[in-house]
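> Supplied structure: coords.txt, compact mmCIF, C-alpha atoms.
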# COMPACT_ATOMS: atom_id res chain seq x y z
CA MET A 10 6.38 -33.15 4.78
CA MET A 11 5.69 -31.52 1.43
CA GLY A 12 4.65 -34.88 0.05
CA ASN A 13 3.56 -35.28 -3.51
CA ALA A 14 2.26 -31.79 -4.15
CA VAL A 15 2.39 -31.76 -7.93
CA PHE A 16 2.93 -28.39 -9.46
CA ILE A 17 2.04 -27.17 -12.91
CA ALA A 18 2.62 -30.07 -15.25
CA ALA A 19 6.33 -30.29 -15.59
CA GLY A 20 7.63 -31.83 -12.39
CA ASP A 21 8.32 -30.95 -8.83
CA PRO A 22 10.27 -27.85 -7.79
CA MET A 23 10.78 -29.41 -4.38
CA GLU A 24 12.57 -32.35 -5.94
CA HIS A 25 16.04 -30.87 -5.87
CA VAL A 26 15.70 -29.46 -2.36
CA LEU A 27 14.54 -32.59 -0.57
CA PRO A 28 17.15 -35.16 0.49
CA HIS A 29 17.53 -38.26 -1.68
CA LYS A 30 18.71 -41.60 -0.38
CA LEU A 31 21.88 -42.81 -2.06
CA PHE A 32 22.38 -46.11 -0.27
CA ASP A 33 21.79 -47.72 3.13
CA LEU A 34 24.43 -47.66 5.86
CA GLY A 35 22.90 -50.43 7.94
CA PRO A 36 19.72 -48.98 9.47
CA ILE A 37 20.51 -45.40 8.42
CA PRO A 38 19.83 -44.13 4.89
CA PHE A 39 22.76 -42.16 3.50
CA THR A 40 21.36 -39.10 1.75
CA ASN A 41 22.92 -36.62 -0.63
CA HIS A 42 22.81 -34.00 2.15
CA MET A 43 25.16 -36.20 4.18
CA LEU A 44 27.42 -36.56 1.15
CA MET A 45 27.54 -32.79 0.77
CA LEU A 46 28.39 -32.35 4.46
CA LEU A 47 31.30 -34.78 4.05
CA VAL A 48 32.47 -33.02 0.88
CA VAL A 49 32.42 -29.61 2.59
CA ALA A 50 34.22 -30.99 5.63
CA ALA A 51 36.89 -32.52 3.38
CA VAL A 52 37.30 -29.22 1.52
CA MET A 53 37.67 -27.30 4.78
CA LEU A 54 40.11 -29.85 6.21
CA VAL A 55 42.27 -29.56 3.10
CA VAL A 56 42.06 -25.81 2.50
CA PHE A 57 42.42 -24.24 5.93
CA PRO A 58 45.57 -25.99 7.22
CA ARG A 59 47.26 -25.20 3.90
CA LEU A 60 46.24 -21.57 4.30
CA ALA A 61 47.56 -21.34 7.84
CA ARG A 62 50.94 -22.95 7.14
CA ASN A 63 53.96 -20.62 6.67
CA TYR A 64 51.81 -17.59 7.25
CA PRO A 65 53.54 -14.46 5.81
CA LEU A 66 53.57 -11.17 7.68
CA VAL A 67 51.38 -9.59 5.03
CA PRO A 68 49.01 -12.10 3.43
CA SER A 69 47.83 -11.78 -0.13
CA GLY A 70 45.23 -13.36 -2.37
CA PHE A 71 42.91 -15.99 -0.95
CA ARG A 72 44.65 -15.86 2.43
CA ASN A 73 43.94 -12.16 2.63
CA MET A 74 40.25 -12.65 1.94
CA ILE A 75 39.87 -15.38 4.55
CA GLU A 76 41.84 -13.34 7.07
CA ALA A 77 39.63 -10.30 6.43
CA VAL A 78 36.52 -12.38 7.11
CA MET A 79 38.02 -13.90 10.25
CA VAL A 80 39.12 -10.52 11.61
CA PHE A 81 35.65 -9.13 10.89
CA LEU A 82 34.10 -12.00 12.84
CA ARG A 83 36.45 -11.43 15.74
CA THR A 84 36.10 -7.67 16.09
CA GLU A 85 32.50 -7.09 15.04
CA VAL A 86 30.72 -10.27 16.06
CA ALA A 87 32.59 -12.11 18.81
CA LYS A 88 34.23 -9.31 20.77
CA PRO A 89 31.10 -7.17 21.41
CA ALA A 90 29.22 -10.24 22.67
CA LEU A 91 31.89 -12.24 24.44
CA HIS A 92 34.33 -9.57 25.78
CA GLU A 93 37.09 -11.42 27.61
CA HIS A 94 36.03 -14.93 26.54
CA THR A 95 36.47 -14.20 22.84
CA ASP A 96 39.63 -16.22 22.29
CA ARG A 97 38.13 -19.30 23.90
CA PHE A 98 35.21 -19.46 21.49
CA LEU A 99 36.77 -18.07 18.33
CA PRO A 100 37.80 -21.44 16.80
CA PHE A 101 34.23 -22.69 17.22
CA ILE A 102 32.78 -19.45 15.82
CA TRP A 103 35.08 -19.48 12.80
CA THR A 104 34.47 -23.15 12.07
CA LEU A 105 30.70 -22.72 12.38
CA PHE A 106 30.68 -19.70 10.08
CA PHE A 107 32.79 -21.24 7.33
CA PHE A 108 31.00 -24.59 7.54
CA ILE A 109 27.57 -23.00 7.11
CA LEU A 110 28.87 -20.62 4.44
CA PHE A 111 30.53 -23.33 2.35
CA ASN A 112 27.45 -25.53 2.62
CA ASN A 113 25.25 -22.66 1.44
CA LEU A 114 27.59 -21.77 -1.40
CA ILE A 115 28.12 -25.33 -2.63
CA GLY A 116 24.38 -25.48 -3.23
CA MET A 117 24.71 -22.61 -5.69
CA VAL A 118 27.37 -24.44 -7.71
CA PRO A 119 25.58 -26.71 -10.25
CA LEU A 120 27.26 -29.92 -9.12
CA ASP A 121 24.14 -31.97 -9.77
CA PRO A 122 24.02 -31.57 -13.58
CA LEU A 123 27.80 -32.05 -13.66
CA ALA A 124 27.39 -35.33 -11.76
CA VAL A 125 24.69 -36.43 -14.20
CA LEU A 126 27.01 -35.62 -17.14
CA VAL A 127 30.06 -37.32 -15.68
CA LEU A 128 28.69 -40.13 -13.55
CA GLY A 129 25.24 -40.60 -15.02
CA LYS A 130 23.63 -40.62 -11.58
CA GLY A 131 21.24 -37.86 -10.61
CA HIS A 132 20.53 -36.23 -7.26
CA LEU A 133 24.04 -36.65 -5.90
CA ALA A 134 24.52 -33.05 -4.83
CA GLY A 135 22.36 -30.41 -3.22
CA THR A 136 22.34 -27.82 -0.49
CA ALA A 137 22.90 -29.56 2.79
CA THR A 138 21.63 -26.62 4.83
CA ALA A 139 18.36 -26.74 2.89
CA GLY A 140 17.45 -29.79 4.99
CA LEU A 141 15.91 -29.36 8.41
CA SER A 142 17.92 -32.30 9.77
CA VAL A 143 21.22 -30.60 8.99
CA THR A 144 20.26 -27.22 10.44
CA ALA A 145 18.71 -28.92 13.46
CA GLY A 146 22.06 -30.66 14.01
CA LEU A 147 23.86 -27.33 13.84
CA ALA A 148 21.35 -25.83 16.28
CA VAL A 149 21.89 -28.75 18.67
CA VAL A 150 25.64 -28.07 18.51
CA ALA A 151 24.99 -24.40 19.31
CA PHE A 152 22.63 -25.37 22.15
CA ILE A 153 25.22 -27.68 23.71
CA MET A 154 27.91 -25.00 23.32
CA ILE A 155 25.74 -22.35 24.98
CA HIS A 156 24.68 -24.29 28.06
CA VAL A 157 27.83 -26.33 28.62
CA SER A 158 30.00 -23.22 28.46
CA GLY A 159 27.64 -21.44 30.85
CA ILE A 160 27.83 -24.29 33.35
CA MET A 161 31.63 -24.51 32.96
CA GLU A 162 31.90 -20.79 33.64
CA GLN A 163 29.90 -21.10 36.86
CA TYR A 164 32.07 -24.10 37.79
CA ARG A 165 35.18 -22.01 37.25
CA VAL A 166 33.81 -19.18 39.40
CA ALA A 167 32.86 -21.64 42.13
CA LEU A 168 36.36 -23.18 41.96
CA GLY A 169 37.81 -19.72 42.40
CA GLN A 170 35.92 -19.41 45.65
CA ASP A 171 38.12 -22.14 47.18
CA ARG A 172 35.65 -24.98 46.97
CA SER A 173 36.48 -28.61 46.22
CA SER A 174 35.94 -29.59 42.62
CA VAL A 175 32.89 -31.79 43.31
CA ALA A 176 31.21 -29.11 45.43
CA ALA A 177 32.11 -26.55 42.77
CA ALA A 178 30.56 -28.74 40.07
CA PHE A 179 27.28 -29.05 41.94
CA ARG A 180 27.25 -25.39 42.93
CA GLY A 181 28.11 -24.30 39.40
CA PHE A 182 25.38 -26.46 37.87
CA PHE A 183 22.76 -25.22 40.34
CA LEU A 184 23.82 -21.58 40.07
CA TYR A 185 23.67 -21.60 36.27
CA TRP A 186 20.01 -22.59 36.24
CA TYR A 187 19.25 -20.33 39.19
CA ASN A 188 20.79 -17.34 37.42
CA PHE A 189 18.63 -17.89 34.35
CA VAL A 190 16.06 -15.54 35.86
CA PRO A 191 17.15 -11.97 36.62
CA HIS A 192 17.15 -11.15 40.28
CA ILE A 193 14.08 -9.36 41.60
CA PRO A 194 14.41 -8.26 45.21
CA GLY A 195 11.86 -9.03 47.87
CA VAL A 196 8.82 -11.27 48.14
CA LEU A 197 7.78 -10.45 44.55
CA GLY A 198 10.97 -12.07 43.32
CA VAL A 199 10.26 -15.29 45.19
CA ILE A 200 6.71 -15.46 43.86
CA LEU A 201 7.64 -14.63 40.26
CA TRP A 202 10.67 -16.91 40.06
CA PRO A 203 8.88 -20.13 38.97
CA PHE A 204 6.94 -18.39 36.21
CA LEU A 205 9.98 -16.56 34.91
CA PHE A 206 11.96 -19.80 35.06
CA VAL A 207 9.40 -21.62 32.90
CA LEU A 208 9.47 -18.69 30.49
CA GLU A 209 13.26 -18.79 30.30
CA MET A 210 13.20 -22.55 29.77
CA ILE A 211 10.82 -22.12 26.85
CA GLY A 212 13.09 -19.38 25.53
CA ALA A 213 16.14 -21.61 25.81
CA ALA A 214 14.37 -24.25 23.72
CA VAL A 215 12.91 -21.84 21.18
CA LYS A 216 16.12 -19.92 20.44
CA PRO A 217 18.09 -22.80 18.86
CA PHE A 218 14.87 -23.98 17.16
CA SER A 219 14.48 -20.57 15.53
CA LEU A 220 18.16 -20.67 14.50
CA ALA A 221 17.56 -23.99 12.74
CA VAL A 222 14.31 -23.01 11.06
CA ARG A 223 15.62 -19.61 9.92
CA LEU A 224 18.62 -21.11 8.11
CA PHE A 225 16.62 -24.04 6.71
CA ALA A 226 13.75 -21.89 5.45
CA ASN A 227 15.98 -19.26 3.82
CA MET A 228 18.02 -21.85 1.92
CA MET A 229 15.07 -24.01 0.90
CA ALA A 230 12.92 -21.07 -0.15
CA GLY A 231 15.65 -19.67 -2.40
CA HIS A 232 16.10 -22.91 -4.30
CA THR A 233 12.37 -23.60 -4.49
CA VAL A 234 11.67 -20.15 -5.94
CA LEU A 235 14.43 -20.63 -8.52
CA ALA A 236 13.03 -24.03 -9.52
CA SER A 237 9.46 -22.71 -9.69
CA LEU A 238 10.58 -19.83 -11.91
CA LEU A 239 12.48 -22.16 -14.21
CA MET A 240 9.36 -24.29 -14.54
CA MET A 241 7.72 -21.50 -16.50
CA ILE A 242 9.80 -22.60 -19.50
CA PRO A 243 8.39 -26.12 -19.93
CA ALA A 244 4.95 -24.99 -18.82
CA ILE A 245 4.52 -22.64 -21.79
CA ARG A 246 6.35 -24.91 -24.23
CA HIS A 247 3.46 -25.15 -26.66
CA ALA A 248 3.23 -21.37 -26.95
CA SER A 249 6.83 -20.27 -27.15
CA ASP A 250 10.25 -21.73 -26.46
CA VAL A 251 13.03 -19.17 -26.66
CA GLY A 252 10.77 -16.21 -26.07
CA ILE A 253 9.97 -17.17 -22.50
CA ALA A 254 13.36 -18.70 -21.77
CA ILE A 255 15.43 -15.52 -22.04
CA PRO A 256 13.56 -13.33 -19.50
CA THR A 257 13.16 -16.35 -17.22
CA LEU A 258 16.86 -17.08 -17.24
CA LEU A 259 17.70 -13.43 -16.67
CA GLY A 260 15.31 -13.41 -13.73
CA CYS A 261 16.88 -16.57 -12.39
CA ALA A 262 20.35 -15.05 -12.69
CA GLY A 263 19.18 -12.05 -10.68
CA LEU A 264 17.59 -14.30 -8.08
CA GLY A 265 20.83 -16.27 -7.95
CA CYS A 266 22.69 -13.11 -7.01
CA LEU A 267 20.15 -12.49 -4.26
CA GLU A 268 20.64 -16.04 -3.06
CA LEU A 269 24.42 -15.58 -2.87
CA PHE A 270 23.80 -12.59 -0.62
CA VAL A 271 21.34 -14.61 1.47
CA ALA A 272 23.91 -17.42 1.80
CA PHE A 273 26.44 -15.05 3.37
CA LEU A 274 23.80 -13.24 5.42
CA GLN A 275 22.27 -16.38 6.92
CA ALA A 276 25.66 -17.77 7.90
CA TYR A 277 26.47 -14.43 9.54
CA ILE A 278 23.11 -14.28 11.35
CA PHE A 279 23.47 -17.83 12.68
CA VAL A 280 26.93 -17.12 14.01
CA PHE A 281 25.98 -13.68 15.36
CA LEU A 282 23.02 -15.05 17.31
CA THR A 283 25.04 -17.99 18.62
CA CYS A 284 27.69 -15.52 19.85
CA MET A 285 25.02 -13.44 21.57
CA PHE A 286 23.54 -16.48 23.30
CA ILE A 287 26.96 -17.75 24.41
CA GLY A 288 27.80 -14.28 25.69
CA ALA A 289 24.54 -14.10 27.63
CA ALA A 290 25.19 -17.54 29.12
CA VAL A 291 28.80 -16.88 30.05
CA SER A 292 29.03 -13.24 31.15
CA PRO A 293 26.34 -11.46 33.13
CA GLU A 294 24.97 -14.46 34.96
CA HIS A 295 27.54 -14.08 37.69
CA MET B 22 -31.79 -17.12 2.72
CA THR B 23 -30.04 -16.91 6.05
CA MET B 24 -31.45 -20.33 7.04
CA GLY B 25 -30.48 -21.82 3.70
CA ILE B 26 -26.84 -21.10 4.33
CA ILE B 27 -26.67 -23.53 7.28
CA PRO B 28 -26.71 -26.84 5.32
CA PHE B 29 -24.08 -25.38 3.01
CA LEU B 30 -21.92 -24.53 6.02
CA ALA B 31 -22.52 -28.01 7.43
CA THR B 32 -21.25 -29.72 4.26
CA ALA B 33 -18.39 -27.26 3.99
CA LEU B 34 -17.30 -27.96 7.54
CA SER B 35 -17.67 -31.74 7.26
CA ASP B 36 -15.61 -31.92 4.07
CA SER B 37 -12.95 -29.53 5.23
CA SER B 38 -10.14 -30.02 2.78
CA GLY B 39 -11.17 -26.97 0.77
CA LEU B 40 -11.30 -24.88 3.91
CA ALA B 41 -7.88 -26.16 4.95
CA LEU B 42 -6.36 -25.11 1.65
CA LEU B 43 -8.09 -21.75 1.92
CA GLY B 44 -6.69 -21.35 5.41
CA ALA B 45 -3.19 -22.18 4.26
CA GLY B 46 -3.37 -19.74 1.38
CA LEU B 47 -4.82 -16.93 3.46
CA GLY B 48 -2.26 -17.62 6.16
CA ALA B 49 0.63 -17.29 3.74
CA GLY B 50 -0.78 -14.01 2.43
CA LEU B 51 -1.29 -12.56 5.88
CA VAL B 52 2.22 -13.56 6.94
CA THR B 53 3.62 -11.78 3.90
CA ILE B 54 1.62 -8.63 4.67
CA GLY B 55 2.87 -8.54 8.26
CA ALA B 56 6.49 -9.16 7.36
CA ALA B 57 6.50 -6.65 4.50
CA LYS B 58 4.95 -3.97 6.70
CA GLY B 59 7.46 -4.59 9.46
CA ILE B 60 10.53 -4.68 7.25
CA GLY B 61 9.30 -1.67 5.26
CA GLN B 62 8.99 0.37 8.43
CA LEU B 63 12.43 -0.82 9.50
CA ALA B 64 13.98 0.20 6.19
CA GLY B 65 12.28 3.60 6.31
CA SER B 66 13.60 4.35 9.79
CA ALA B 67 17.08 3.15 8.84
CA VAL B 68 17.25 5.32 5.72
CA GLU B 69 15.91 8.34 7.59
CA SER B 70 18.42 7.97 10.40
CA GLN B 71 21.22 7.54 7.86
CA ALA B 72 20.12 10.81 6.30
CA ARG B 73 20.18 12.56 9.64
CA GLN B 74 23.66 11.30 10.54
CA PRO B 75 25.64 9.94 7.58
CA GLU B 76 28.67 9.11 9.76
CA ALA B 77 26.71 6.37 11.56
CA GLY B 78 25.68 4.88 8.20
CA GLY B 79 27.67 1.65 8.52
CA ARG B 80 26.39 0.75 12.00
CA ILE B 81 22.82 1.59 11.05
CA PHE B 82 23.07 -0.57 7.94
CA THR B 83 24.39 -3.50 9.97
CA SER B 84 21.58 -3.23 12.53
CA MET B 85 19.03 -2.99 9.73
CA ILE B 86 20.31 -6.15 8.05
CA ILE B 87 20.31 -8.07 11.33
CA ALA B 88 16.76 -6.99 12.23
CA ALA B 89 15.49 -7.79 8.74
CA ALA B 90 17.02 -11.29 8.90
CA LEU B 91 15.40 -11.90 12.30
CA ILE B 92 11.98 -10.78 11.05
CA GLU B 93 12.34 -12.95 7.97
CA GLY B 94 13.21 -15.87 10.24
CA PHE B 95 9.79 -16.27 11.74
CA THR B 96 8.13 -15.24 8.46
CA PHE B 97 9.66 -18.26 6.78
CA PHE B 98 8.65 -20.40 9.76
CA ALA B 99 5.00 -19.46 9.25
CA LEU B 100 5.33 -19.94 5.48
CA ILE B 101 6.66 -23.46 6.00
CA ILE B 102 3.70 -24.25 8.24
CA CYS B 103 1.37 -23.08 5.44
CA MET B 104 3.23 -25.19 2.88
CA GLY B 105 3.01 -28.15 5.21
CA ILE B 106 -0.75 -27.73 5.54
CA GLY B 107 -1.06 -27.53 1.76
CA GLY B 108 1.04 -30.65 1.24
CA GLN B 109 -0.90 -32.61 3.85
CA VAL B 110 -4.23 -31.60 2.35
CA VAL B 111 -3.14 -32.50 -1.17
CA ASN B 112 -1.88 -35.87 0.11
CA ALA B 113 -5.22 -36.46 1.85
CA ILE B 114 -7.13 -35.54 -1.29
CA GLU B 115 -5.01 -37.92 -3.37
CA ILE B 116 -5.47 -40.75 -0.88
CA ALA B 117 -9.22 -40.10 -0.74
CA ALA B 118 -9.41 -40.04 -4.54
CA GLN B 119 -7.54 -43.35 -4.74
CA THR B 120 -9.73 -45.09 -2.15
CA THR B 121 -12.93 -43.97 -3.83
CA GLY B 122 -11.50 -45.13 -7.13
CA HIS B 123 -11.57 -41.91 -9.18
Rewrite the coordinates I just gave you, this time as structure tokens.


Amino acid sequence: MMGNAVFIAAGDPMEHVLPHKLFDLGPIPFTNHMLMLLVVAAVMLVVFPRLARNYPLVPSGFRNMIEAVMVFLRTEVAKPALHEHTDRFLPFIWTLFFFILFNNLIGMVPLDPLAVLVLGKGHLAGTATAGLSVTAGLAVVAFIMIHVSGIMEQYRVALGQDRSSVAAAFRGFFLYWYNFVPHIPGVLGVILWPFLFVLEMIGAAVKPFSLAVRLFANMMAGHTVLASLLMMIPAIRHASDVGIAIPTLLGCAGLGCLELFVAFLQAYIFVFLTCMFIGAAVSPEH
Amino acid sequence: MTMGIIPFLATALSDSSGLALLGAGLGAGLVTIGAAKGIGQLAGSAVESQARQPEAGGRIFTSMIIAAALIEGFTFFALIICMGIGGQVVNAIEIAAQTTGH
């Protein structure tokens, strides 16, 4: 989408944000974003079971930090939105948060220059969540979670009303979409229902889309700004070398701290909004 | 003078890549103005309410951060649209330059 927009004279700041094809898996190109997703998944699959094994009464060290984050997510994010359904969705919420967080943070670690030094091959690493495909995939997962859990909740309520499971499935499915629109009594409600339903449908499509674009844009913009700032050094190379490099690098260090904050914040916002949408789908619709 | 501006407008509108870039640039600037005004007002209200009731400081801070992240969400969305327009126009200019053999 950004194409070949050539910036000053020293290369492309978009180059290390866009996905690069590593090899072809049949018809599908395997990009470095996919490699980073696999690396983060492997890290999580190794780290978290080891953390949870032989859990002491009072944790310490890394366990304590992870437990503090998880307890924060349960009491401040999941419980106010989900009330009694919190424990059902907590594994998903925790996994989503740590997956997005680790993907954001692994983009701040300079794995790419390390890979060039060790393996001699560039563009192996990057920020996976700085690609719209990855965040769109996460938003699709959130979308499925929201609507499937809403339909399952209506199914459960219909089962509790002593209906057969097939009738409960149909009734639950129909009631979920019918309860999208808040009830307005009288003739006005009947007239307004189609318009409000179309509005709610558009909202249901736009909410996960905004989740995806928000995460993608925040991650990509951070790295692009850092790269553009660093390009000041080669751009003024004929005037001064060290003189421009020191303030630029100090500025980049400061921006890096801001980006660490944004990494945590965007993971939190994604998870917080997903919790709110799941809560809205599961609780007051019945 | 007012009649002489019409051929200029005609050529400007027929070769619209300059106007497209201008639109993208102006769009990005306007988006930044709107977002900065909104988040600035949000921060002002949050700080003032924290001064009125320091005990609610933590909750107010959390709400402020969440609202700022939501506002920045659609700001970045508009910025990406502007970047996309710029990239498309530069691509079109390069393709046009290649076909005319510059």

> Only residues of chain A matter here; which ones have an atom within 12 Å of chain B, counting only C-alpha atoms? Give them as an mmCIF file with C-alpha atoms, in the frame of the given file.


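As written to disk, selection_38.cif reads:
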data_model
loop_
_atom_site.group_PDB
_atom_site.id
_atom_site.type_symbol
_atom_site.label_atom_id
_atom_site.label_comp_id
_atom_site.auth_asym_id
_atom_site.auth_seq_id
_atom_site.Cartn_x
_atom_site.Cartn_y
_atom_site.Cartn_z
ATOM 1 C CA MET A 10 6.380 -33.150 4.780
ATOM 2 C CA MET A 11 5.690 -31.520 1.430
ATOM 3 C CA GLY A 12 4.650 -34.880 0.050
ATOM 4 C CA ASN A 13 3.560 -35.280 -3.510
ATOM 5 C CA ALA A 14 2.260 -31.790 -4.150
ATOM 6 C CA VAL A 15 2.390 -31.760 -7.930
ATOM 7 C CA PHE A 16 2.930 -28.390 -9.460
ATOM 8 C CA MET A 23 10.780 -29.410 -4.380
ATOM 9 C CA GLU A 85 32.500 -7.090 15.040
ATOM 10 C CA VAL A 86 30.720 -10.270 16.060
ATOM 11 C CA LEU A 141 15.910 -29.360 8.410
ATOM 12 C CA VAL A 215 12.910 -21.840 21.180
ATOM 13 C CA LYS A 216 16.120 -19.920 20.440
ATOM 14 C CA PHE A 218 14.870 -23.980 17.160
ATOM 15 C CA SER A 219 14.480 -20.570 15.530
ATOM 16 C CA LEU A 220 18.160 -20.670 14.500
ATOM 17 C CA ALA A 221 17.560 -23.990 12.740
ATOM 18 C CA VAL A 222 14.310 -23.010 11.060
ATOM 19 C CA ARG A 223 15.620 -19.610 9.920
ATOM 20 C CA LEU A 224 18.620 -21.110 8.110
ATOM 21 C CA PHE A 225 16.620 -24.040 6.710
ATOM 22 C CA ALA A 226 13.750 -21.890 5.450
ATOM 23 C CA ASN A 227 15.980 -19.260 3.820
ATOM 24 C CA MET A 228 18.020 -21.850 1.920
ATOM 25 C CA MET A 229 15.070 -24.010 0.900
ATOM 26 C CA ALA A 230 12.920 -21.070 -0.150
ATOM 27 C CA GLY A 231 15.650 -19.670 -2.400
ATOM 28 C CA THR A 233 12.370 -23.600 -4.490
ATOM 29 C CA PHE A 270 23.800 -12.590 -0.620
ATOM 30 C CA VAL A 271 21.340 -14.610 1.470
ATOM 31 C CA ALA A 272 23.910 -17.420 1.800
ATOM 32 C CA PHE A 273 26.440 -15.050 3.370
ATOM 33 C CA LEU A 274 23.800 -13.240 5.420
ATOM 34 C CA GLN A 275 22.270 -16.380 6.920
ATOM 35 C CA ALA A 276 25.660 -17.770 7.900
ATOM 36 C CA TYR A 277 26.470 -14.430 9.540
ATOM 37 C CA ILE A 278 23.110 -14.280 11.350
ATOM 38 C CA PHE A 279 23.470 -17.830 12.680
ATOM 39 C CA VAL A 280 26.930 -17.120 14.010
ATOM 40 C CA PHE A 281 25.980 -13.680 15.360
ATOM 41 C CA LEU A 282 23.020 -15.050 17.310
#

> Could you list, as a PyMOL selection string, every residue within 8 Å of segment 173-180 of chain A, counting only C-alpha atoms and ignoring same-chain residues fewer than 6 positions away?

chain A and resi 163-165+167

> Which distance in Å separates atom CA of Leu123 of chain A and atom CA of Ala244 of chain A, to one decimal?

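Those two atoms sit 24.5 Å apart.
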
> Grab the atom CA of Leu60 of chain A to atom CA of Ala77 of chain A distance for me, in Å with one decimal place.

13.2 Å

> Could you jot down the atom CA of Leu267 of chain A to atom CA of Val68 of chain B separation for me, Å, one decimal place?

20.6 Å

> Enumerate, as a PyMOL selection string, the protein, DNA and RNA residues whose atoms approach (10.1, -0.3, 9.4) to within 12 Å, taking into account all atoms listed in the file and the coordinate frame of the file.

chain B and resi 55-70+85-86+88-89+92
